[in-house]
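First comes the structure, then the notes that go with it.
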Amino acid sequence: MNPSFSLPSFFIVFLVLNFHNVNGDLIKDVCKNASKNTPPVKEFKVEYDFCVASLMANPKSKDADLRGLGIISMQTCLQNATSVHSYIAQLLKDRKTQPIAKSSIRSCLHEYRGAIRSVKKATASFKTKDFSSANIQMSAAMEASILCEYEFEEVLLGPALPSPLTKQNGDFFQLTGISLAITNMVK
């Protein structure tokens, strides 16, 4: 028997690898749930690979339980909503933005401002185990992506404009869908 590899060190390695696999399984379960149970809206739906990548992007996810993944997911939503809000503000300042699109973009800015507030409220509710309120607030945040996308289809006196925010709206929809799935799993 090799003295450098004893039974206790084998046991410790086994526990570490097993714990990581269990948590990897938790993330996979969350993402299967999110991709299966979040109804698609327009072209937006929660993609399994997007979900896994977004949760695994945070190093804390490897040690998180379901509630921890919920907090991580909501923090990711908040970061994303803040980033999208800043991007929209830049679009409004850009002289190349079509004047007819600016009204829709202003509406999107308003929607994402509300989404940031809703995600903050959802996170606070989740932390206090008020999962019903967290669900309501995260659902309200999710609506920002949908309503923003619809803004470009409802331009008066003409055909629908191509949305410059489809990618951002789709990503935010998925992130909020992941948070909602976790909230519903914790209940």
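Just remember, in the structure tokens the first chain shown is A, the second B, etc., residues are 1-based per chain, and ligands are 1-based in the order shown.
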Residue set, region 4-181 of chain A restricted to helix (DSSP H, G or I), as a PyMOL selection string: chain A and resi 7-37+48-56+59-63+66-93+99-127+131-151+166-181
Close residues, Leu66 (chain A) itself excluded, 8 Å, only C-alpha atoms, min 2 positions apart in chain, as a ChimeraX atom specification: /A:26,64,68-70,182,186
Would you output that residue set with all heavy atoms, as a tab-separated table (two decimals), in the first residue's frame?
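Saved the output as again-v5.tsv:
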chain	number	residue	atom	x	y	z
A	26	LEU	N	-27.80	19.73	-8.29
A	26	LEU	CA	-28.80	20.72	-7.87
A	26	LEU	C	-28.96	21.79	-8.95
A	26	LEU	O	-30.09	22.14	-9.31
A	26	LEU	CB	-28.38	21.36	-6.54
A	26	LEU	CG	-29.28	22.49	-6.03
A	26	LEU	CD1	-30.70	21.98	-5.77
A	26	LEU	CD2	-28.68	23.09	-4.76
A	64	ALA	N	-23.40	26.43	-2.76
A	64	ALA	CA	-24.72	26.94	-2.37
A	64	ALA	C	-25.77	25.83	-2.32
A	64	ALA	O	-25.75	24.90	-3.12
A	64	ALA	CB	-25.16	28.02	-3.35
A	68	GLY	N	-29.39	29.44	-1.38
A	68	GLY	CA	-28.20	30.18	-1.81
A	68	GLY	C	-28.20	30.44	-3.30
A	68	GLY	O	-27.85	31.53	-3.75
A	69	LEU	N	-28.62	29.43	-4.07
A	69	LEU	CA	-28.73	29.63	-5.52
A	69	LEU	C	-29.79	30.68	-5.85
A	69	LEU	O	-29.65	31.43	-6.81
A	69	LEU	CB	-29.07	28.31	-6.23
A	69	LEU	CG	-27.96	27.27	-6.32
A	69	LEU	CD1	-28.48	26.00	-7.00
A	69	LEU	CD2	-26.75	27.81	-7.06
A	70	GLY	N	-30.85	30.73	-5.03
A	70	GLY	CA	-31.88	31.75	-5.23
A	70	GLY	C	-31.31	33.15	-5.07
A	70	GLY	O	-31.58	34.04	-5.90
A	182	ILE	N	-36.52	28.87	-8.96
A	182	ILE	CA	-35.93	28.57	-7.65
A	182	ILE	C	-36.90	28.95	-6.54
A	182	ILE	O	-37.09	28.18	-5.59
A	182	ILE	CB	-34.58	29.28	-7.48
A	182	ILE	CG1	-33.55	28.71	-8.47
A	182	ILE	CG2	-34.07	29.16	-6.05
A	182	ILE	CD1	-32.25	29.48	-8.56
A	186	VAL	N	-38.38	26.35	-3.68
A	186	VAL	CA	-38.13	26.53	-2.25
A	186	VAL	C	-39.42	26.50	-1.45
A	186	VAL	O	-39.45	26.05	-0.32
A	186	VAL	CB	-37.36	27.86	-2.00
A	186	VAL	CG1	-37.29	28.18	-0.52
A	186	VAL	CG2	-35.97	27.76	-2.58
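Pairwise distance (CA of Val30 (chain A), CA of Tyr48 (chain A)) equals 9.2 Å.
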12 Å contact set for region 105-117 of chain A, only C-alpha atoms, chain neighbours under 4 positions out, as JSON, numbers by chain: {"A": [74, 75, 76, 77, 78, 79, 80, 81, 82, 83, 84, 85, 86, 87, 88, 89, 90, 91, 92, 93, 94, 97, 98, 99, 100, 101, 121, 122, 123, 124, 136, 137, 138, 139, 140, 141, 142, 143, 144, 145, 146, 147, 148, 149, 150, 151, 152, 154, 155, 161, 162, 163, 164, 165, 166, 168, 169, 172, 173, 176]}
With only C-alpha atoms as the counted atoms, please give the residues lying no more than 10 Å from Ser35 (chain A), apart from itself and same-chain residues fewer than 5 positions off, as number ranges by chain. A: 29-30, 40, 45-51, 174, 177-178, 181
Expected file contents, prior selection, N, CA, C and O atoms, as an mmCIF file, in the first residue's frame:
data_model
loop_
_atom_site.group_PDB
_atom_site.id
_atom_site.type_symbol
_atom_site.label_atom_id
_atom_site.label_comp_id
_atom_site.auth_asym_id
_atom_site.auth_seq_id
_atom_site.Cartn_x
_atom_site.Cartn_y
_atom_site.Cartn_z
ATOM 1 N N ASP A 29 -30.833 20.299 -11.786
ATOM 2 C CA ASP A 29 -32.260 20.164 -11.451
ATOM 3 C C ASP A 29 -32.981 21.508 -11.538
ATOM 4 O O ASP A 29 -34.085 21.592 -12.070
ATOM 5 N N VAL A 30 -32.349 22.543 -11.012
ATOM 6 C CA VAL A 30 -32.936 23.886 -11.082
ATOM 7 C C VAL A 30 -33.137 24.281 -12.546
ATOM 8 O O VAL A 30 -34.193 24.788 -12.926
ATOM 9 N N PRO A 40 -42.782 29.969 -22.435
ATOM 10 C CA PRO A 40 -42.165 30.932 -23.348
ATOM 11 C C PRO A 40 -43.123 32.082 -23.671
ATOM 12 O O PRO A 40 -44.333 31.898 -23.693
ATOM 13 N N LYS A 45 -37.556 32.223 -24.028
ATOM 14 C CA LYS A 45 -37.765 31.060 -23.175
ATOM 15 C C LYS A 45 -36.474 30.805 -22.415
ATOM 16 O O LYS A 45 -35.400 31.262 -22.822
ATOM 17 N N VAL A 46 -36.581 30.105 -21.295
ATOM 18 C CA VAL A 46 -35.402 29.788 -20.501
ATOM 19 C C VAL A 46 -34.711 28.584 -21.130
ATOM 20 O O VAL A 46 -35.303 27.514 -21.239
ATOM 21 N N GLU A 47 -33.478 28.785 -21.542
ATOM 22 C CA GLU A 47 -32.669 27.724 -22.140
ATOM 23 C C GLU A 47 -31.845 27.052 -21.039
ATOM 24 O O GLU A 47 -31.241 27.731 -20.211
ATOM 25 N N TYR A 48 -31.825 25.741 -21.065
ATOM 26 C CA TYR A 48 -31.111 24.956 -20.051
ATOM 27 C C TYR A 48 -29.634 25.366 -19.963
ATOM 28 O O TYR A 48 -29.125 25.629 -18.875
ATOM 29 N N ASP A 49 -28.933 25.435 -21.086
ATOM 30 C CA ASP A 49 -27.504 25.760 -21.077
ATOM 31 C C ASP A 49 -27.238 27.175 -20.559
ATOM 32 O O ASP A 49 -26.251 27.407 -19.861
ATOM 33 N N PHE A 50 -28.104 28.112 -20.911
ATOM 34 C CA PHE A 50 -27.983 29.484 -20.400
ATOM 35 C C PHE A 50 -28.105 29.473 -18.881
ATOM 36 O O PHE A 50 -27.341 30.136 -18.175
ATOM 37 N N CYS A 51 -29.068 28.720 -18.375
ATOM 38 C CA CYS A 51 -29.305 28.636 -16.935
ATOM 39 C C CYS A 51 -28.079 28.083 -16.215
ATOM 40 O O CYS A 51 -27.597 28.676 -15.248
ATOM 41 N N GLN A 174 -34.759 35.250 -19.212
ATOM 42 C CA GLN A 174 -34.234 33.967 -18.732
ATOM 43 C C GLN A 174 -33.761 34.059 -17.281
ATOM 44 O O GLN A 174 -34.035 33.162 -16.480
ATOM 45 N N GLY A 177 -36.663 34.130 -15.066
ATOM 46 C CA GLY A 177 -37.289 32.806 -15.076
ATOM 47 C C GLY A 177 -36.570 31.827 -14.167
ATOM 48 O O GLY A 177 -37.196 31.010 -13.485
ATOM 49 N N ILE A 178 -35.250 31.908 -14.136
ATOM 50 C CA ILE A 178 -34.449 31.055 -13.250
ATOM 51 C C ILE A 178 -34.764 31.390 -11.791
ATOM 52 O O ILE A 178 -34.995 30.500 -10.966
ATOM 53 N N ALA A 181 -38.162 30.045 -10.898
ATOM 54 C CA ALA A 181 -38.139 28.591 -10.737
ATOM 55 C C ALA A 181 -37.587 28.209 -9.364
ATOM 56 O O ALA A 181 -38.144 27.341 -8.673
#
Here is a test: counting only C-alpha atoms, which residue of A:Ala57, A:Ser104, A:Ala34, A:Ser118 is nearest to Ser179 (chain A)?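 Smallest separation from Ser179 (chain A) among the options: A:Ala34.
The residue set within 7 Å of region 127-135 of chain A, counting only C-alpha atoms and dropping same-chain residues fewer than 5 places from it, reads Ala122, Leu180, Thr183 and Lys187 of chain A.
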Those residues you just picked out, can you put them in a file as a PDB file, in the first residue's frame with N, CA and C atoms?
ATOM      1  N   ALA A 122     -37.893  41.636  -4.465  1.00  0.00           N
ATOM      2  CA  ALA A 122     -37.959  40.167  -4.522  1.00  0.00           C
ATOM      3  C   ALA A 122     -36.840  39.543  -3.688  1.00  0.00           C
ATOM      4  N   LEU A 180     -37.474  32.751 -10.607  1.00  0.00           N
ATOM      5  CA  LEU A 180     -38.834  32.303 -10.313  1.00  0.00           C
ATOM      6  C   LEU A 180     -38.887  30.794 -10.092  1.00  0.00           C
ATOM      7  N   THR A 183     -37.520  30.101  -6.652  1.00  0.00           N
ATOM      8  CA  THR A 183     -38.499  30.533  -5.641  1.00  0.00           C
ATOM      9  C   THR A 183     -39.616  29.503  -5.511  1.00  0.00           C
ATOM     10  N   LYS A 187     -40.509  26.997  -2.051  1.00  0.00           N
ATOM     11  CA  LYS A 187     -41.807  27.101  -1.348  1.00  0.00           C
ATOM     12  C   LYS A 187     -42.164  25.849  -0.615  1.00  0.00           C
TER      13      LYS A 187
END
Between CA of Val52 (chain A) and CA of Cys31 (chain A), what is the spacing in Å? 6.2 Å
